[in-house]
$ cat target11.pdb   # PDB, C-alpha atoms
ATOM      1  CA  MET A   1       2.101 -10.135 -16.620
ATOM      2  CA  PHE A   2       3.374 -12.661 -14.113
ATOM      3  CA  ILE A   3       6.986 -11.487 -14.514
ATOM      4  CA  ASP A   4       5.899  -7.995 -13.449
ATOM      5  CA  LEU A   5       4.382  -9.484 -10.301
ATOM      6  CA  LEU A   6       7.664 -11.268  -9.558
ATOM      7  CA  ARG A   7       9.617  -8.088 -10.191
ATOM      8  CA  SER A   8       7.475  -6.084  -7.767
ATOM      9  CA  ARG A   9       7.385  -8.709  -5.023
ATOM     10  CA  ARG A  10       9.263  -7.780  -1.853
ATOM     11  CA  SER A  11       9.169  -9.021   1.724
ATOM     12  CA  ILE A  12       7.286  -6.458   3.809
ATOM     13  CA  ARG A  13       7.697  -6.330   7.586
ATOM     14  CA  LYS A  14       5.975  -3.001   8.383
ATOM     15  CA  PHE A  15       2.264  -2.608   7.854
ATOM     16  CA  GLU A  16      -0.291   0.161   8.010
ATOM     17  CA  ASP A  17      -2.655   0.036  10.965
ATOM     18  CA  ARG A  18      -5.720  -1.077   8.996
ATOM     19  CA  PRO A  19      -7.386  -4.434   8.473
ATOM     20  CA  VAL A  20      -7.351  -6.437   5.279
ATOM     21  CA  GLU A  21     -10.842  -6.475   3.792
ATOM     22  CA  PRO A  22     -12.748  -9.791   4.010
ATOM     23  CA  GLY A  23     -12.944 -10.001   0.207
ATOM     24  CA  LYS A  24      -9.154  -9.889  -0.053
ATOM     25  CA  VAL A  25      -8.815 -12.449   2.735
ATOM     26  CA  ASP A  26     -11.158 -14.711   0.751
ATOM     27  CA  LEU A  27      -8.966 -14.310  -2.350
ATOM     28  CA  LEU A  28      -5.833 -15.153  -0.354
ATOM     29  CA  VAL A  29      -7.505 -18.280   0.993
ATOM     30  CA  GLU A  30      -8.600 -19.249  -2.518
ATOM     31  CA  ALA A  31      -5.031 -18.811  -3.780
ATOM     32  CA  ALA A  32      -3.725 -21.071  -1.009
ATOM     33  CA  LEU A  33      -6.382 -23.711  -1.677
ATOM     34  CA  ARG A  34      -5.553 -23.671  -5.413
ATOM     35  CA  SER A  35      -1.929 -24.431  -4.631
ATOM     36  CA  PRO A  36      -0.606 -27.449  -6.495
ATOM     37  CA  ALA A  37       0.368 -30.414  -4.370
ATOM     38  CA  SER A  38       2.057 -33.665  -5.247
ATOM     39  CA  ARG A  39      -0.458 -36.239  -6.490
ATOM     40  CA  GLY A  40      -3.278 -33.959  -5.301
ATOM     41  CA  PHE A  41      -2.862 -35.102  -1.686
ATOM     42  CA  ASN A  42      -3.127 -31.512  -0.408
ATOM     43  CA  PRO A  43      -1.455 -32.126   2.969
ATOM     44  CA  TRP A  44      -1.820 -28.468   3.934
ATOM     45  CA  GLU A  45      -4.354 -26.670   6.093
ATOM     46  CA  PHE A  46      -4.489 -22.953   6.853
ATOM     47  CA  VAL A  47      -5.358 -20.980   9.951
ATOM     48  CA  VAL A  48      -6.331 -17.373   9.171
ATOM     49  CA  VAL A  49      -5.534 -15.139  12.135
ATOM     50  CA  THR A  50      -6.815 -11.586  12.672
ATOM     51  CA  ASP A  51      -7.015 -11.541  16.481
ATOM     52  CA  PRO A  52      -4.327  -9.087  17.724
ATOM     53  CA  GLN A  53      -3.658 -11.148  20.864
ATOM     54  CA  ILE A  54      -3.012 -14.300  18.847
ATOM     55  CA  LEU A  55      -0.840 -12.367  16.377
ATOM     56  CA  THR A  56       1.217 -11.057  19.304
ATOM     57  CA  ARG A  57       1.641 -14.549  20.724
ATOM     58  CA  LEU A  58       2.637 -15.917  17.310
ATOM     59  CA  SER A  59       5.203 -13.118  16.962
ATOM     60  CA  THR A  60       7.189 -14.790  19.753
ATOM     61  CA  ALA A  61       7.275 -18.215  18.074
ATOM     62  CA  LYS A  62      11.005 -17.904  17.496
ATOM     63  CA  PRO A  63      13.620 -15.582  18.999
ATOM     64  CA  HIS A  64      14.515 -13.847  15.720
ATOM     65  CA  GLY A  65      12.605 -12.898  12.601
ATOM     66  CA  ALA A  66       8.996 -12.982  13.775
ATOM     67  CA  SER A  67       8.491  -9.964  16.066
ATOM     68  CA  PHE A  68       7.031  -7.814  13.264
ATOM     69  CA  LEU A  69       4.027 -10.167  13.144
ATOM     70  CA  ALA A  70       2.657  -8.442  16.261
ATOM     71  CA  LYS A  71       1.937  -5.335  14.137
ATOM     72  CA  ALA A  72       0.453  -7.193  11.149
ATOM     73  CA  PRO A  73      -3.320  -7.146  10.740
ATOM     74  CA  LEU A  74      -3.422 -10.647   9.283
ATOM     75  CA  ALA A  75      -1.496 -13.888   9.316
ATOM     76  CA  VAL A  76      -1.995 -17.186   7.583
ATOM     77  CA  VAL A  77      -0.499 -20.104   9.488
ATOM     78  CA  VAL A  78       0.500 -22.776   6.980
ATOM     79  CA  CYS A  79       0.039 -26.203   8.545
ATOM     80  CA  VAL A  80       0.623 -29.664   7.151
ATOM     81  CA  ASP A  81      -0.134 -33.281   7.887
ATOM     82  CA  PRO A  82       3.157 -35.068   7.143
ATOM     83  CA  GLU A  83       1.344 -38.423   7.058
ATOM     84  CA  LYS A  84      -0.573 -37.387   3.933
ATOM     85  CA  SER A  85       2.446 -36.900   1.680
ATOM     86  CA  ASP A  86       6.145 -37.655   1.622
ATOM     87  CA  VAL A  87       6.756 -34.271  -0.037
ATOM     88  CA  TRP A  88       4.778 -32.148   2.421
ATOM     89  CA  VAL A  89       7.709 -29.731   2.803
ATOM     90  CA  GLU A  90       7.538 -28.873  -0.891
ATOM     91  CA  ASP A  91       3.740 -28.703  -0.903
ATOM     92  CA  ALA A  92       3.727 -26.307   2.068
ATOM     93  CA  ALA A  93       6.437 -24.169   0.455
ATOM     94  CA  ILE A  94       4.448 -23.899  -2.783
ATOM     95  CA  ALA A  95       1.306 -22.849  -0.893
ATOM     96  CA  THR A  96       3.256 -20.270   1.121
ATOM     97  CA  THR A  97       4.824 -18.860  -2.041
ATOM     98  CA  LEU A  98       1.409 -18.562  -3.687
ATOM     99  CA  LEU A  99       0.112 -16.687  -0.631
ATOM    100  CA  HIS A 100       3.055 -14.296  -0.911
ATOM    101  CA  LEU A 101       2.446 -13.676  -4.620
ATOM    102  CA  ALA A 102      -1.322 -13.393  -4.200
ATOM    103  CA  ALA A 103      -0.781 -10.761  -1.502
ATOM    104  CA  THR A 104       1.453  -8.790  -3.863
ATOM    105  CA  ASP A 105      -1.149  -9.066  -6.618
ATOM    106  CA  LEU A 106      -3.772  -7.662  -4.208
ATOM    107  CA  GLU A 107      -1.478  -4.697  -3.408
ATOM    108  CA  LEU A 108      -0.780  -6.113   0.035
ATOM    109  CA  GLY A 109       2.589  -6.698   1.604
ATOM    110  CA  SER A 110       3.652  -9.977   3.117
ATOM    111  CA  CYS A 111       6.586 -11.756   4.655
ATOM    112  CA  TRP A 112       7.249 -15.452   5.123
ATOM    113  CA  ILE A 113       8.117 -16.464   8.687
ATOM    114  CA  GLN A 114       9.900 -19.793   8.521
ATOM    115  CA  LEU A 115       9.160 -22.028  11.518
ATOM    116  CA  ARG A 116      10.187 -25.472  10.302
ATOM    117  CA  LYS A 117      13.500 -26.458  11.897
ATOM    118  CA  ARG A 118      13.485 -23.392  14.151
ATOM    119  CA  ASP A 119      13.390 -23.385  17.963
ATOM    120  CA  HIS A 120      11.030 -21.419  20.181
ATOM    121  CA  ASP A 121      13.227 -22.081  23.205
ATOM    122  CA  SER A 122      15.321 -24.940  24.579
ATOM    123  CA  SER A 123      12.263 -27.055  25.340
ATOM    124  CA  ARG A 124      10.228 -26.886  22.109
ATOM    125  CA  THR A 125      10.282 -25.927  18.487
ATOM    126  CA  ALA A 126       8.782 -22.774  17.014
ATOM    127  CA  GLY A 127       6.274 -24.935  15.160
ATOM    128  CA  GLU A 128       5.183 -26.700  18.352
ATOM    129  CA  TYR A 129       4.666 -23.362  20.059
ATOM    130  CA  ALA A 130       2.657 -21.937  17.127
ATOM    131  CA  ALA A 131       0.595 -25.139  16.905
ATOM    132  CA  GLU A 132      -0.361 -24.718  20.562
ATOM    133  CA  VAL A 133      -1.247 -21.029  20.057
ATOM    134  CA  VAL A 134      -3.656 -21.789  17.188
ATOM    135  CA  GLY A 135      -4.972 -25.025  18.712
ATOM    136  CA  LEU A 136      -3.843 -27.545  16.098
ATOM    137  CA  PRO A 137      -4.893 -31.146  16.631
ATOM    138  CA  ALA A 138      -2.257 -33.843  17.012
ATOM    139  CA  GLY A 139      -0.672 -34.829  13.716
ATOM    140  CA  LEU A 140      -0.682 -31.355  12.166
ATOM    141  CA  ILE A 141       2.474 -29.244  12.260
ATOM    142  CA  VAL A 142       3.192 -25.622  11.441
ATOM    143  CA  SER A 143       5.536 -25.061   8.529
ATOM    144  CA  ALA A 144       5.418 -21.270   8.257
ATOM    145  CA  ILE A 145       3.415 -18.159   8.972
ATOM    146  CA  MET A 146       2.710 -15.524   6.346
ATOM    147  CA  ALA A 147       2.347 -12.013   7.794
ATOM    148  CA  ILE A 148       0.070  -9.908   5.572
ATOM    149  CA  GLY A 149      -1.155  -6.325   5.502
ATOM    150  CA  TYR A 150      -1.015  -3.027   3.685
ATOM    151  CA  PRO A 151       2.652  -2.022   3.371
ATOM    152  CA  ALA A 152       3.730   0.941   5.488
ATOM    153  CA  HIS A 153       6.379   1.507   2.812
ATOM    154  CA  GLN A 154       7.027   0.031  -0.614
ATOM    155  CA  PRO A 155      10.664  -0.829  -1.312
ATOM    156  CA  GLU A 156      11.917  -0.560  -4.852
ATOM    157  CA  PRO A 157      12.030  -3.814  -6.814
ATOM    158  CA  HIS A 158      15.332  -5.620  -6.873
ATOM    159  CA  PRO A 159      17.275  -4.359  -9.906
ATOM    160  CA  GLN A 160      18.130  -6.636 -12.827
ATOM    161  CA  THR A 161      21.799  -6.228 -11.858
ATOM    162  CA  SER A 162      21.128  -8.029  -8.555
ATOM    163  CA  LEU A 163      20.109 -11.247 -10.334
ATOM    164  CA  GLN A 164      22.754 -13.933  -9.863
ATOM    165  CA  ARG A 165      23.079 -14.891 -13.492
ATOM    166  CA  ASP A 166      26.339 -16.724 -12.766
ATOM    167  CA  LYS A 167      24.150 -19.430 -11.197
ATOM    168  CA  VAL A 168      22.559 -20.261 -14.565
ATOM    169  CA  HIS A 169      24.207 -23.011 -16.622
ATOM    170  CA  ILE A 170      23.402 -24.158 -20.136
ATOM    171  CA  ASN A 171      23.250 -27.911 -20.843
ATOM    172  CA  ARG A 172      25.998 -28.722 -18.314
ATOM    173  CA  TYR A 173      27.157 -27.222 -15.068
ATOM    174  CA  GLY A 174      29.913 -24.722 -15.726
ATOM    175  CA  ASN A 175      28.531 -23.540 -19.070
ATOM    176  CA  ASN A 176      27.275 -20.193 -17.863
ATOM    177  CA  ALA A 177      24.688 -18.243 -19.778
TER     178      ALA A 177
END
$ encode --input "target11.pdb" --output "structure tokens"
Amino acid sequence: MFIDLLRSRRSIRKFEDRPVEPGKVDLLVEAALRSPASRGFNPWEFVVVTDPQILTRLSTAKPHGASFLAKAPLAVVVCVDPEKSDVWVEDAAIATTLLHLAATDLELGSCWIQLRKRDHDSSRTAGEYAAEVVGLPAGLIVSAIMAIGYPAHQPEPHPQTSLQRDKVHINRYGNNA
């Protein structure tokens, strides 16, 4: 059931030293391409990265929160053309979420590396740096990178008690469930 997939989903930052099989990579790509997008404009594009040198370069896209990518066997760089849709941020986020869930369903681990609105250094953004590393043409920008691989460890699911049920309101704000 889908709820079981959500319950088991965790962000994984440590991976086994083994590649993801081409058949699983194909399924991840299919999941991304089946991602819903506003009005079917599909402003996203994806760069699948398995080259260790490129993964290492991408792991330095931002000062914090990306270094683990250097040890991942696979990354999917989620790119968008902001001229194709006024809701490209949402469309990219949906595609990235589906990649994360598809990886979990395939018994892979994954972790979302947010690049939008993050700096690489004082002269350019993390997205600009990543776009240069993967050779994006002008007009495309990098929203996020999904690190993917076989988990080196499997954390326990978040317990039901960790759910913030106080953030659920019935009919009107303030009427908590």
$ closest_residue --input "target11.pdb" --among "A:Ala31, A:Leu74, A:Leu136, A:Val80" --to "Thr97 in chain A" --atoms "only C-alpha atoms"
A:Ala31
$ atom_distance --input "target11.pdb" --atom1 "CA of Asp86 in chain A" --atom2 "CA of Ile148 in chain A"
28.7 Å
$ resolve_selection --input "target11.pdb" --expression "the PyMOL selection byres ((chain A and resi 70) around 8)" --output "PyMOL selection string"
chain A and resi 52+55-59+67-69+71-72
$ atom_distance --input "target11.pdb" --atom1 "CA of Val78 in chain A" --atom2 "CA of Thr60 in chain A"
16.5 Å
$ atom_distance --input "target11.pdb" --atom1 "CA of Trp112 in chain A" --atom2 "CA of Val29 in chain A"
15.6 Å
$ residues_around --input "target11.pdb" --residues "range 151-158 of chain A" --least-positions-apart "2" --cutoff "10 Å" --atoms "all atoms listed in the file" --output "ChimeraX atom specification"
/A:4,6-17,72,104,107-110,148-149,160-163
$ write_last_selection --input "target11.pdb" --atoms "C-alpha atoms" --output "PDB file, in the frame of the given file"
ATOM      1  CA  ASP A   4       5.899  -7.995 -13.449  1.00  0.00           C
ATOM      2  CA  LEU A   6       7.664 -11.268  -9.558  1.00  0.00           C
ATOM      3  CA  ARG A   7       9.617  -8.088 -10.191  1.00  0.00           C
ATOM      4  CA  SER A   8       7.475  -6.084  -7.767  1.00  0.00           C
ATOM      5  CA  ARG A   9       7.385  -8.709  -5.023  1.00  0.00           C
ATOM      6  CA  ARG A  10       9.263  -7.780  -1.853  1.00  0.00           C
ATOM      7  CA  SER A  11       9.169  -9.021   1.724  1.00  0.00           C
ATOM      8  CA  ILE A  12       7.286  -6.458   3.809  1.00  0.00           C
ATOM      9  CA  ARG A  13       7.697  -6.330   7.586  1.00  0.00           C
ATOM     10  CA  LYS A  14       5.975  -3.001   8.383  1.00  0.00           C
ATOM     11  CA  PHE A  15       2.264  -2.608   7.854  1.00  0.00           C
ATOM     12  CA  GLU A  16      -0.291   0.161   8.010  1.00  0.00           C
ATOM     13  CA  ASP A  17      -2.655   0.036  10.965  1.00  0.00           C
ATOM     14  CA  ALA A  72       0.453  -7.193  11.149  1.00  0.00           C
ATOM     15  CA  THR A 104       1.453  -8.790  -3.863  1.00  0.00           C
ATOM     16  CA  GLU A 107      -1.478  -4.697  -3.408  1.00  0.00           C
ATOM     17  CA  LEU A 108      -0.780  -6.113   0.035  1.00  0.00           C
ATOM     18  CA  GLY A 109       2.589  -6.698   1.604  1.00  0.00           C
ATOM     19  CA  SER A 110       3.652  -9.977   3.117  1.00  0.00           C
ATOM     20  CA  ILE A 148       0.070  -9.908   5.572  1.00  0.00           C
ATOM     21  CA  GLY A 149      -1.155  -6.325   5.502  1.00  0.00           C
ATOM     22  CA  GLN A 160      18.130  -6.636 -12.827  1.00  0.00           C
ATOM     23  CA  THR A 161      21.799  -6.228 -11.858  1.00  0.00           C
ATOM     24  CA  SER A 162      21.128  -8.029  -8.555  1.00  0.00           C
ATOM     25  CA  LEU A 163      20.109 -11.247 -10.334  1.00  0.00           C
TER      26      LEU A 163
END
$ closest_residue --input "target11.pdb" --among "A:Gly65, A:Gly23, A:Pro73, A:Gly40" --to "Ala147 in chain A" --atoms "all atoms listed in the file"
A:Pro73
$ closest_residue --input "target11.pdb" --among "A:His169, A:Asn42, A:Met146, A:Arg18" --to "Ala102 in chain A" --atoms "only C-alpha atoms"
A:Met146
$ resolve_selection --input "target11.pdb" --expression "the PyMOL selection byres ((chain A and resi 143) around 9)" --output "ChimeraX atom specification"
/A:77-80,89,92-93,113-117,127,141-142,144-145
$ closest_residue --input "target11.pdb" --among "A:Lys62, A:Arg34, A:Lys84, A:Lys24" --to "His120 in chain A" --atoms "all atoms listed in the file"
A:Lys62
$ closest_residue --input "target11.pdb" --among "A:Arg39, A:His64, A:Arg172, A:Arg165" --to "Arg118 in chain A" --atoms "all atoms listed in the file"
A:His64
$ closest_residue --input "target11.pdb" --among "A:Asn175, A:Arg124, A:Glu83, A:Val25" --to "Ala138 in chain A" --atoms "only C-alpha atoms"
A:Glu83
$ axis_aligned_box --input "target11.pdb" --around "range 129-138 of chain A" --padding-each-side "3 Å" --output "JSON"
{"center_x": -0.2, "center_y": -27.4, "center_z": 18.3, "size_x": 15.6, "size_y": 18.8, "size_z": 10.5}
